[in-house]
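Novice: Next up is a structure, given as C-alpha cells.
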Amino acid sequence: MTSAIEVRDLVVDRGRRRVLHGIDCSVPAGSVVGLLGPSGSGKTTLIRAVVGVQIVKSGTVTVLGEPAGSAALRRTVGYVTQAPSVYADLTVRENARYFASLYGLSAADADTAIADVGLTDAAGQLVGNLSGGQRSRASLGCAMIGKPRLLVLDEPTVGQDPVLRADLWAKFHALAAEGTTLLVSSHVMDEAGRCDRLLLIREGRLIGDDSPAAIRTATGTDDLEAAFLRLIRDSEQEAMA
Ligand SMILES: Nc1ncnc2c1ncn2[C@@H]1O[C@H](COP(=O)(O)OP(=O)(O)OP(=O)(O)O)[C@@H](O)[C@H]1O
C-alpha cells in the first residue's frame, strides 16, 4: 500500500525545548490513522509538521509524494485545527457556500457537507450562536467540501455527544473507503479502537505504530488504554537500560 505521509527522523524544537525527538512513521493512503497521546506529548506539533506550518530542526516530512507545505498540496490537504476556522458572523450555510465557491463547487456540494456533519437543522444559524461542538462540526464540514486527498483533524470529536461522535467516525471511514487518508488526533483512548492504525506518542517519541488489533496482541490486553500504559512502561524500561 502506498503512503500518504512519510515522516523520517523528524526533530522539532519549540521555544527552547525539544518537542519531537526523531519521529519515524508512515500513514497508508486510504486509511484512518489515529494519533494518540497525552496532553503536551507532541500531537499538534507533528500535525503542524505534516501540514507544513511547523519549522523543523531536521528530518523530512513527505505528503502525497511532495515535501510537506509545498504549494502543490494546498488543494489536496485539508486541516482542521482545534480552534474552529469558520466565520462567526455568517450562518453555517453561508460559510459552507463561501468555502464551496473557493473550490468552484456548487451550493448543493455545500449542503451535502453540512448534512455530513449533522448540521442541516442548524444551517440557517449564525456560527457565533452555535455551541462549541456544533462550531467544530461546521469547521469540519467546511474542510471536507473541497474533497481533500488528505484530511488532518486535530481532536475533531472534542465536545461531541456519543451519537455524533459515532456518526463522525462512520463518516471518516466512508471517506477513507473513497480513497481519502485521514490523520485524526485524540487523547481519548476509547476512540483508538475506531482507527485502522494507531500512532502512539509520548513526550515527543513514538512508542507504538500498528493496528489496534496488533497493539492488543503485542501487549496482551484487549483494553487499549491498558495497552498504551504497558507500552509506556516498556519504553521507560528501554530508556533506563
Ligand atoms: N508555541 C509554542 N512555544 C513553545 N512551546 C510550545 C508551543 N506550542 C506547544 N509547545 C510545547 O510543545 C509540547 C507539545 O505540544 P503539542 O501542542 O504538540 O502537544 P499535544 O499533544 O497536541 O497536546 P494537547 O493534547 O494538549 O493539544 C508541549 O510541551 C508544549 O508546551
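Starting from 1 in every chain, residues are counted up; chains themselves are A, B, ... following the order of the C-alpha cells, and ligands are numbered from 1 as listed.
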I'd like the contact shell of segment 120-133 of chain A - 9 Å cut-off, only C-alpha atoms, skipping same-chain residues fewer than 4 positions apart - returned as a count of residues only.
Specialist: 23
Novice: Which of segment 137-169 of chain A end up as strand (DSSP E or B) when DSSP is run on this backbone - answer as number ranges by chain?
Specialist: A: 150-154
Novice: Can you tell me which residues surround Asp190 of chain A at a distance of at most 8 Å, considering only C-alpha atoms, apart from same-chain residues fewer than 2 positions away, and format the answer as an MDAnalysis selection string?
Specialist: chainID A and resid 188 192:193 224:225
Novice: Dump as JSON lines the rows for residues of segment 18-99 of chain A within 7 Å of segment 194-215 of chain A: closest atom pair and distance in Å with one decimal, only C-alpha atoms counted, ordered by chain and rising residue number.
Specialist:
```
{"residue": "A:Val19", "atom": "CA", "partner": "A:Gly204", "partner_atom": "CA", "distance": 5.3}
{"residue": "A:Leu20", "atom": "CA", "partner": "A:Gly204", "partner_atom": "CA", "distance": 4.2}
{"residue": "A:His21", "atom": "CA", "partner": "A:Gly204", "partner_atom": "CA", "distance": 5.6}
{"residue": "A:Ile23", "atom": "CA", "partner": "A:Arg205", "partner_atom": "CA", "distance": 6.3}
{"residue": "A:Ser31", "atom": "CA", "partner": "A:Asp196", "partner_atom": "CA", "distance": 6.2}
{"residue": "A:Val32", "atom": "CA", "partner": "A:Asp196", "partner_atom": "CA", "distance": 5.4}
{"residue": "A:Val33", "atom": "CA", "partner": "A:Arg197", "partner_atom": "CA", "distance": 4.8}
{"residue": "A:Gly34", "atom": "CA", "partner": "A:Leu198", "partner_atom": "CA", "distance": 4.8}
{"residue": "A:Leu35", "atom": "CA", "partner": "A:Leu199", "partner_atom": "CA", "distance": 4.8}
{"residue": "A:Leu36", "atom": "CA", "partner": "A:Leu200", "partner_atom": "CA", "distance": 5.0}
{"residue": "A:Gly37", "atom": "CA", "partner": "A:Ile201", "partner_atom": "CA", "distance": 4.9}
{"residue": "A:Pro38", "atom": "CA", "partner": "A:Arg202", "partner_atom": "CA", "distance": 6.7}
{"residue": "A:Ser41", "atom": "CA", "partner": "A:Glu203", "partner_atom": "CA", "distance": 4.5}
{"residue": "A:Gly42", "atom": "CA", "partner": "A:Gly204", "partner_atom": "CA", "distance": 5.3}
```
Novice: Hey, which of A:Gln237, A:Ser106, A:Ser186, A:Thr221 ends up closest to ligand 1? Count only C-alpha atoms and all ligand atoms.
Specialist: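 Among the listed residues, A:Ser186 lies closest to ligand 1.
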Novice: So, counting only C-alpha atoms and all ligand atoms, which residue among A:Gly69, A:Gly179, A:Pro156, A:Pro28 is closest to ligand 1?
Specialist: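 Using only C-alpha atoms and all ligand atoms, ligand 1 sits closest to A:Pro156.
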Novice: What is the atom CA of Thr60 of chain A-atom CA of Ala143 of chain A distance in Å, reported with one decimal?
Specialist: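 It comes out at 25.4 Å.
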Novice: Could you tell me how far atom CA of Leu164 of chain A sits from atom CA of Gln134 of chain A, in Å to one decimal place?
Specialist: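 Straight-line distance from atom CA of Gln134 of chain A to atom CA of Leu164 of chain A works out to 10.1 Å.
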Novice: Considering only C-alpha atoms and all ligand atoms, state which residue in the set A:Arg74, A:Arg216, A:Arg165, A:His187 is at the smallest distance from ligand 1.
Specialist: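 With only C-alpha atoms and all ligand atoms as the atom set, the closest residue is A:His187.
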Novice: What parts of segment 47-136 of chain A does DSSP call alpha helix (DSSP H)? I'd like the answer as a PyMOL selection string.
Specialist: chain A and resi 47-51+92-102+107-116+132-136
Novice: How about saving the chosen residues, N, CA and C atoms kept, as an mmCIF file, in the first residue's frame?
Specialist:
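Saved to selection.cif:
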```cif
data_model
loop_
_atom_site.group_PDB
_atom_site.id
_atom_site.type_symbol
_atom_site.label_atom_id
_atom_site.label_comp_id
_atom_site.auth_asym_id
_atom_site.auth_seq_id
_atom_site.Cartn_x
_atom_site.Cartn_y
_atom_site.Cartn_z
ATOM 1 N N ILE A 47 1.311 17.168 13.739
ATOM 2 C CA ILE A 47 0.299 17.542 12.744
ATOM 3 C C ILE A 47 0.732 18.808 11.996
ATOM 4 N N ARG A 48 1.247 19.782 12.754
ATOM 5 C CA ARG A 48 1.679 21.035 12.124
ATOM 6 C C ARG A 48 2.825 20.777 11.129
ATOM 7 N N ALA A 49 3.694 19.814 11.470
ATOM 8 C CA ALA A 49 4.780 19.471 10.541
ATOM 9 C C ALA A 49 4.208 18.814 9.277
ATOM 10 N N VAL A 50 3.163 18.004 9.445
ATOM 11 C CA VAL A 50 2.554 17.319 8.302
ATOM 12 C C VAL A 50 1.878 18.333 7.361
ATOM 13 N N VAL A 51 1.234 19.341 7.936
ATOM 14 C CA VAL A 51 0.564 20.315 7.062
ATOM 15 C C VAL A 51 1.517 21.440 6.641
ATOM 16 N N VAL A 92 -24.105 28.914 9.077
ATOM 17 C CA VAL A 92 -23.419 27.672 8.677
ATOM 18 C C VAL A 92 -23.470 27.548 7.151
ATOM 19 N N ARG A 93 -24.672 27.788 6.597
ATOM 20 C CA ARG A 93 -24.839 27.643 5.132
ATOM 21 C C ARG A 93 -23.973 28.648 4.374
ATOM 22 N N GLU A 94 -23.947 29.899 4.865
ATOM 23 C CA GLU A 94 -23.131 30.923 4.189
ATOM 24 C C GLU A 94 -21.652 30.561 4.239
ATOM 25 N N ASN A 95 -21.201 30.055 5.384
ATOM 26 C CA ASN A 95 -19.813 29.612 5.486
ATOM 27 C C ASN A 95 -19.544 28.515 4.456
ATOM 28 N N ALA A 96 -20.391 27.505 4.469
ATOM 29 C CA ALA A 96 -20.174 26.346 3.586
ATOM 30 C C ALA A 96 -20.191 26.783 2.122
ATOM 31 N N ARG A 97 -21.115 27.696 1.775
ATOM 32 C CA ARG A 97 -21.187 28.128 0.367
ATOM 33 C C ARG A 97 -19.972 28.973 -0.008
ATOM 34 N N TYR A 98 -19.482 29.730 0.962
ATOM 35 C CA TYR A 98 -18.273 30.524 0.706
ATOM 36 C C TYR A 98 -17.104 29.591 0.392
ATOM 37 N N PHE A 99 -16.897 28.568 1.260
ATOM 38 C CA PHE A 99 -15.770 27.656 1.021
ATOM 39 C C PHE A 99 -15.987 26.859 -0.268
ATOM 40 N N ALA A 100 -17.238 26.484 -0.547
ATOM 41 C CA ALA A 100 -17.514 25.765 -1.805
ATOM 42 C C ALA A 100 -17.137 26.635 -2.999
ATOM 43 N N SER A 101 -17.446 27.945 -2.916
ATOM 44 C CA SER A 101 -17.155 28.829 -4.057
ATOM 45 C C SER A 101 -15.648 28.934 -4.295
ATOM 46 N N LEU A 102 -14.854 28.850 -3.221
ATOM 47 C CA LEU A 102 -13.393 28.920 -3.388
ATOM 48 C C LEU A 102 -12.876 27.746 -4.227
ATOM 49 N N ALA A 107 -23.683 25.123 -4.527
ATOM 50 C CA ALA A 107 -24.416 25.233 -3.263
ATOM 51 C C ALA A 107 -24.847 23.845 -2.794
ATOM 52 N N ALA A 108 -25.126 22.955 -3.752
ATOM 53 C CA ALA A 108 -25.537 21.582 -3.379
ATOM 54 C C ALA A 108 -24.378 20.859 -2.686
ATOM 55 N N ASP A 109 -23.148 21.090 -3.173
ATOM 56 C CA ASP A 109 -21.976 20.471 -2.514
ATOM 57 C C ASP A 109 -21.854 20.983 -1.082
ATOM 58 N N ALA A 110 -22.116 22.279 -0.908
ATOM 59 C CA ALA A 110 -22.048 22.868 0.433
ATOM 60 C C ALA A 110 -23.096 22.220 1.333
ATOM 61 N N ASP A 111 -24.319 22.048 0.801
ATOM 62 C CA ASP A 111 -25.393 21.440 1.606
ATOM 63 C C ASP A 111 -25.053 19.999 1.985
ATOM 64 N N THR A 112 -24.401 19.267 1.076
ATOM 65 C CA THR A 112 -24.014 17.876 1.372
ATOM 66 C C THR A 112 -23.036 17.855 2.542
ATOM 67 N N ALA A 113 -22.060 18.777 2.520
ATOM 68 C CA ALA A 113 -21.064 18.807 3.607
ATOM 69 C C ALA A 113 -21.746 19.143 4.935
ATOM 70 N N ILE A 114 -22.721 20.050 4.895
ATOM 71 C CA ILE A 114 -23.443 20.412 6.127
ATOM 72 C C ILE A 114 -24.180 19.181 6.671
ATOM 73 N N ALA A 115 -24.803 18.431 5.753
ATOM 74 C CA ALA A 115 -25.528 17.219 6.178
ATOM 75 C C ALA A 115 -24.556 16.183 6.737
ATOM 76 N N ASP A 116 -23.368 16.074 6.101
ATOM 77 C CA ASP A 116 -22.379 15.077 6.530
ATOM 78 C C ASP A 116 -21.939 15.279 7.977
ATOM 79 N N GLY A 132 -20.131 24.987 21.138
ATOM 80 C CA GLY A 132 -18.742 24.696 20.758
ATOM 81 C C GLY A 132 -18.649 23.463 19.853
ATOM 82 N N GLY A 133 -19.394 22.422 20.200
ATOM 83 C CA GLY A 133 -19.353 21.180 19.426
ATOM 84 C C GLY A 133 -19.910 21.392 18.019
ATOM 85 N N GLN A 134 -21.007 22.194 17.929
ATOM 86 C CA GLN A 134 -21.588 22.475 16.607
ATOM 87 C C GLN A 134 -20.610 23.292 15.761
ATOM 88 N N ARG A 135 -19.930 24.235 16.430
ATOM 89 C CA ARG A 135 -18.991 25.097 15.703
ATOM 90 C C ARG A 135 -17.836 24.267 15.133
ATOM 91 N N SER A 136 -17.338 23.295 15.939
ATOM 92 C CA SER A 136 -16.246 22.490 15.369
ATOM 93 C C SER A 136 -16.744 21.595 14.250
#
```
Novice: Considering only C-alpha atoms and all ligand atoms, can you say which of A:Ile55, A:Ala68, A:Val63, A:Leu182 comes closest to ligand 1?
Specialist: A:Ile55
Novice: Quick check, in Å to one decimal: how far apart do atom CA of Lys171 of chain A and atom CA of Leu64 of chain A lie?
Specialist: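 Between these atoms lies a distance of 21.8 Å.
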Novice: With only C-alpha atoms and all ligand atoms as the atoms that count, which of A:Gly40, A:Gly146, A:Gly78, A:Gly22 lies nearest to ligand 1?
Specialist: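 Nearest to ligand 1: A:Gly40.
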Novice: When distances are computed from only C-alpha atoms and all ligand atoms, which of A:Lys57, A:Arg233, A:Arg18, A:His173 shows the smallest separation from ligand 1?
Specialist: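 Of the candidates, the smallest distance to ligand 1 is held by A:Arg18.
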Novice: Give me the residues near Asp154 of chain A as a list in words, where near means some atom within 7 Å (using only C-alpha atoms) and where sequence neighbours in that chain fewer than 6 positions away do not count.
Specialist: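 Residues near the query, excluding close chain neighbours: Thr44, Val80, Thr81, Gln82, Val184 and Ser185 of chain A.
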